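Colleague: Here it is, the structure, as structure tokens.
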Amino acid sequence: MTRLTAVLAVLSAACFSAAIAADHAPSYSAPVCQVGLHGDHPAGLDQDGDAVPDSEDWCSRTPAGVRVGPNGCATGEIDIACDRGLPEPKARVVPTAVSTRPERDADGDGVRDSEDRCPGTPKGAETDANGCVKIGTVVLKGVNFGTGSAKLLPAASDTLKTVASAMKADDDIEVEIGGHTDSVGDETKNQGLSERRASSVKDFLIKEGIDADRLSTKGYGESDPTDTNDTAAGRANNRRVAFRVTKS
């Protein structure tokens with residue numbers, strides 16, 4: 001036998017032996033994967049005798065005598081990240097405590113304090129969703145000015161501050177301040193008085209921090225009464241300063 005023939009014979013025998021070994025090698029599949037601590041296995045059980053307890057054995061049915069790694073699986077038997085075929089544990093849901101106490105609404109305008117952009121609105125004032133007074137509903141009656149005077153009396157202060165707060169809460173709002181009088185006295189003088197009263201209100205709002213460009217004034221004199229001029233109460237109602245939102 002030549003040397004080449006001898007070499008070929010040795011290689012052929014080696015390949016045949018490898019093929020026989022492969023045919024007889026144990027084959028393991030994903031179903032043998034038993035992961036973690038099983039409810040029906042007592043603690044410390046090692047059912048396949050590989051010295052890895054079932055509580056840590058990812059392959060707890062490995063045949064006897066097969067060398068395994070620290071996860072209890074033989075090389076090539078099963079990946080440590082195998083699909084166990086078991087449902088994943090559901091996350092524990094901890095219910096959030098819900099307070100049944102209503103949130104505080106200090107000024108009683110129906111808007112809770114945490115959302116109220118105009119806290120401290122006087123009770124009874126008509127307010128919007130932000131808790132701010134509806135500017136178009138605010139009217140200063142004659143008692144807020146001295147008779148025949150454009151000087152504001154202290155009683156007007158709180159009401160005008162609510163108007164300022166509403167305008168600060170919404171920078172887009174622009175307002176016309178309209179002055180009105182009753183029909184007593186000279187019509188021309190009444191016209192001038194209504195203009196001065198409107199200007200007094202504008203000056204007050206500017207001092208409260210409102211930009212003058214957002215405020216306009218107009219004197220209506222006695223031309224637009226809201227009540228009769230035949231009674232004292234009616235005339236008092238006609239002596240007023242009213243607000244009109246011109247832009248929002």
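To be explicit about the labels: the chains of the structure tokens are called A, B, and onward in the order shown, and within each one the residues are counted from 1, while ligands get numbers from 1 in the order they are shown.
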Quick one: everything within 7 Å of Asn229 in chain A, counting only C-alpha atoms, minus sequence neighbours fewer than 6 positions away in the same chain. Send it as a PDB file with C-alpha atoms, in the first residue's frame.

Modeller:
```pdb
ATOM      1  CA  ASP A 182     -77.721 110.378  34.374  1.00  0.00           C
ATOM      2  CA  SER A 183     -79.697 113.157  32.719  1.00  0.00           C
ATOM      3  CA  ARG A 235     -80.428 107.703  38.013  1.00  0.00           C
TER       4      ARG A 235
END
```

Colleague: Please provide the set of residues having any atom within 9 Å of Ala155 in chain A, restricted to only C-alpha atoms, with same-chain residues fewer than 4 positions apart removed, written as a list in words.

Modeller: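 Within the cut-off, the hits are Val143, Asn144, Phe145 and Thr159 of chain A.
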
Colleague: Please, could you write that set of residues out with C-alpha atoms as a tab-separated table (two decimals), in the first residue's frame?

Modeller:
```tsv
chain	number	residue	atom	x	y	z
A	143	VAL	CA	-71.76	105.24	44.28
A	144	ASN	CA	-68.16	104.62	43.20
A	145	PHE	CA	-67.69	108.27	42.32
A	159	THR	CA	-63.86	95.47	41.86
```

Colleague: Using only C-alpha atoms, which protein or nucleic acid residues come within 10 Å of Asp109 in chain A? Drop anything in the same chain fewer than 5 positions from it, and give the result as number ranges by chain.

Modeller: A: 116, 118-133

Colleague: Based on the selection just made, write N, CA and C atoms of those residues as a compact mmCIF listing (two decimals), in the first residue's frame.

Modeller:
```
# COMPACT_ATOMS: atom_id res chain seq x y z
N ASP A 116 -57.23 77.84 39.52
CA ASP A 116 -57.79 79.20 39.54
C ASP A 116 -56.70 80.21 39.22
N CYS A 118 -57.27 83.39 38.92
CA CYS A 118 -57.62 84.65 39.57
C CYS A 118 -58.17 84.37 40.97
N PRO A 119 -57.30 83.94 41.88
CA PRO A 119 -57.79 83.65 43.24
C PRO A 119 -58.27 84.92 43.93
N GLY A 120 -59.24 84.76 44.78
CA GLY A 120 -59.73 85.91 45.54
C GLY A 120 -60.82 86.70 44.85
N THR A 121 -61.45 86.13 43.81
CA THR A 121 -62.54 86.82 43.15
C THR A 121 -63.70 87.01 44.13
N PRO A 122 -64.26 88.22 44.20
CA PRO A 122 -65.36 88.46 45.16
C PRO A 122 -66.52 87.51 44.94
N LYS A 123 -67.15 87.09 46.01
CA LYS A 123 -68.29 86.18 45.91
C LYS A 123 -69.42 86.87 45.16
N GLY A 124 -70.06 86.08 44.30
CA GLY A 124 -71.18 86.60 43.52
C GLY A 124 -70.77 87.11 42.16
N ALA A 125 -69.46 87.30 41.91
CA ALA A 125 -69.01 87.78 40.60
C ALA A 125 -69.14 86.65 39.58
N GLU A 126 -69.52 86.99 38.39
CA GLU A 126 -69.62 85.98 37.33
C GLU A 126 -68.23 85.72 36.79
N THR A 127 -67.82 84.45 36.82
CA THR A 127 -66.45 84.12 36.42
C THR A 127 -66.43 83.17 35.23
N ASP A 128 -65.24 83.09 34.59
CA ASP A 128 -65.06 82.18 33.46
C ASP A 128 -64.42 80.88 33.93
N ALA A 129 -64.02 80.04 32.98
CA ALA A 129 -63.47 78.72 33.32
C ALA A 129 -62.14 78.82 34.05
N ASN A 130 -61.46 79.96 33.95
CA ASN A 130 -60.19 80.16 34.65
C ASN A 130 -60.37 80.70 36.06
N GLY A 131 -61.62 80.95 36.46
CA GLY A 131 -61.86 81.53 37.77
C GLY A 131 -61.70 83.04 37.79
N CYS A 132 -61.65 83.66 36.61
CA CYS A 132 -61.49 85.12 36.51
C CYS A 132 -62.84 85.77 36.21
N VAL A 133 -63.02 86.98 36.71
CA VAL A 133 -64.27 87.68 36.49
C VAL A 133 -64.48 87.91 34.99
```

Colleague: So that I can see what lies close to Ala242 in chain A, please list as a PyMOL selection string the residues with an atom at most 12 Å from it, counting only C-alpha atoms and leaving out residues fewer than 6 positions away in the same chain.

Modeller: chain A and resi 135-142+159-160+163+175-181+194+197-198+201-202+217-220+224-226

Colleague: Those selected residues, please, written with C-alpha atoms and delivered as a tab-separated table (two decimals), in the first residue's frame.

Modeller:
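Result went into result_39.tsv, see below:
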```tsv
chain	number	residue	atom	x	y	z
A	135	ILE	CA	-65.01	91.62	32.37
A	136	GLY	CA	-68.06	92.42	30.28
A	137	THR	CA	-70.30	91.89	33.30
A	138	VAL	CA	-68.47	94.36	35.56
A	139	VAL	CA	-70.23	97.68	36.10
A	140	LEU	CA	-69.21	100.48	38.47
A	141	LYS	CA	-72.33	102.22	39.68
A	142	GLY	CA	-72.61	105.89	40.62
A	159	THR	CA	-63.86	95.47	41.86
A	160	LEU	CA	-61.28	97.07	39.56
A	163	VAL	CA	-60.70	93.29	36.27
A	175	VAL	CA	-61.12	96.45	26.81
A	176	GLU	CA	-63.13	99.60	26.19
A	177	ILE	CA	-64.01	101.56	29.35
A	178	GLY	CA	-67.26	103.44	28.84
A	179	GLY	CA	-68.38	106.30	31.09
A	180	HIS	CA	-72.08	107.11	31.56
A	181	THR	CA	-74.11	109.71	33.47
A	194	SER	CA	-68.38	110.59	31.60
A	197	ARG	CA	-64.67	108.92	34.84
A	198	ALA	CA	-63.65	106.46	32.13
A	201	VAL	CA	-60.69	103.85	35.66
A	202	LYS	CA	-58.06	103.48	32.94
A	217	THR	CA	-61.97	104.95	26.87
A	218	LYS	CA	-65.19	106.44	25.61
A	219	GLY	CA	-67.60	108.91	27.18
A	220	TYR	CA	-71.29	108.27	26.46
A	224	ASP	CA	-77.20	105.49	26.81
A	225	PRO	CA	-79.21	105.07	30.04
A	226	THR	CA	-79.65	101.60	31.46
```

Colleague: Would you mind telling me which residue in A:Gly192, A:Gly108, A:Gly209, A:Gly148 lies nearest to Lys161 in chain A when using only C-alpha atoms?

Modeller: A:Gly209

Colleague: Running DSSP on the backbone, which parts of range 67-245 of chain A land in alpha helix (DSSP H), as an mmCIF file with C-alpha atoms, in the first residue's frame?

Modeller:
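Ended up saving to part.cif:
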```
data_model
loop_
_atom_site.group_PDB
_atom_site.id
_atom_site.type_symbol
_atom_site.label_atom_id
_atom_site.label_comp_id
_atom_site.auth_asym_id
_atom_site.auth_seq_id
_atom_site.Cartn_x
_atom_site.Cartn_y
_atom_site.Cartn_z
ATOM 1 C CA SER A 157 -60.879 99.427 44.324
ATOM 2 C CA ASP A 158 -61.599 95.739 44.904
ATOM 3 C CA THR A 159 -63.857 95.474 41.863
ATOM 4 C CA LEU A 160 -61.282 97.069 39.556
ATOM 5 C CA LYS A 161 -58.560 94.792 40.906
ATOM 6 C CA THR A 162 -60.575 91.780 39.777
ATOM 7 C CA VAL A 163 -60.698 93.287 36.269
ATOM 8 C CA ALA A 164 -56.921 93.763 36.351
ATOM 9 C CA SER A 165 -56.445 90.147 37.469
ATOM 10 C CA ALA A 166 -58.589 88.887 34.580
ATOM 11 C CA MET A 167 -56.577 90.913 32.068
ATOM 12 C CA LYS A 168 -53.298 89.644 33.513
ATOM 13 C CA ALA A 169 -54.546 86.074 33.179
ATOM 14 C CA GLU A 187 -75.702 117.598 28.728
ATOM 15 C CA THR A 188 -72.309 118.925 27.634
ATOM 16 C CA LYS A 189 -70.983 118.807 31.176
ATOM 17 C CA ASN A 190 -72.321 115.304 31.566
ATOM 18 C CA GLN A 191 -70.437 114.260 28.432
ATOM 19 C CA GLY A 192 -67.175 115.600 29.797
ATOM 20 C CA LEU A 193 -67.808 113.983 33.204
ATOM 21 C CA SER A 194 -68.384 110.587 31.600
ATOM 22 C CA GLU A 195 -65.083 110.863 29.721
ATOM 23 C CA ARG A 196 -63.159 111.790 32.853
ATOM 24 C CA ARG A 197 -64.673 108.920 34.844
ATOM 25 C CA ALA A 198 -63.648 106.455 32.134
ATOM 26 C CA SER A 199 -60.126 107.916 32.183
ATOM 27 C CA SER A 200 -59.943 107.551 35.986
ATOM 28 C CA VAL A 201 -60.694 103.854 35.663
ATOM 29 C CA LYS A 202 -58.060 103.477 32.939
ATOM 30 C CA ASP A 203 -55.447 105.162 35.138
ATOM 31 C CA PHE A 204 -56.294 102.807 37.995
ATOM 32 C CA LEU A 205 -55.839 99.713 35.799
ATOM 33 C CA ILE A 206 -52.531 100.997 34.451
ATOM 34 C CA LYS A 207 -51.277 101.380 38.023
ATOM 35 C CA ALA A 232 -83.273 108.368 42.310
ATOM 36 C CA ALA A 233 -82.545 104.646 42.055
ATOM 37 C CA GLY A 234 -82.763 104.729 38.268
ATOM 38 C CA ARG A 235 -80.428 107.703 38.013
ATOM 39 C CA ALA A 236 -77.920 105.959 40.299
ATOM 40 C CA ASN A 237 -77.911 103.015 37.918
ATOM 41 C CA ASN A 238 -77.273 105.311 34.967
#
```

Colleague: Nearest residue to Ile173 in chain A out of A:Ser216, A:Thr246, A:Val111, A:Ala106, using only C-alpha atoms?

Modeller: A:Thr246

Colleague: Here is a test: counting only C-alpha atoms, which residue of A:Asp113, A:Asp50, A:Glu174, A:Asp186 is nearest to Asp213 in chain A?

Modeller: A:Glu174

Colleague: For Arg67 in chain A, which residue among A:Pro154, A:Gly49, A:Arg104, A:Ser55 is the nearest when counting only C-alpha atoms?

Modeller: A:Gly49
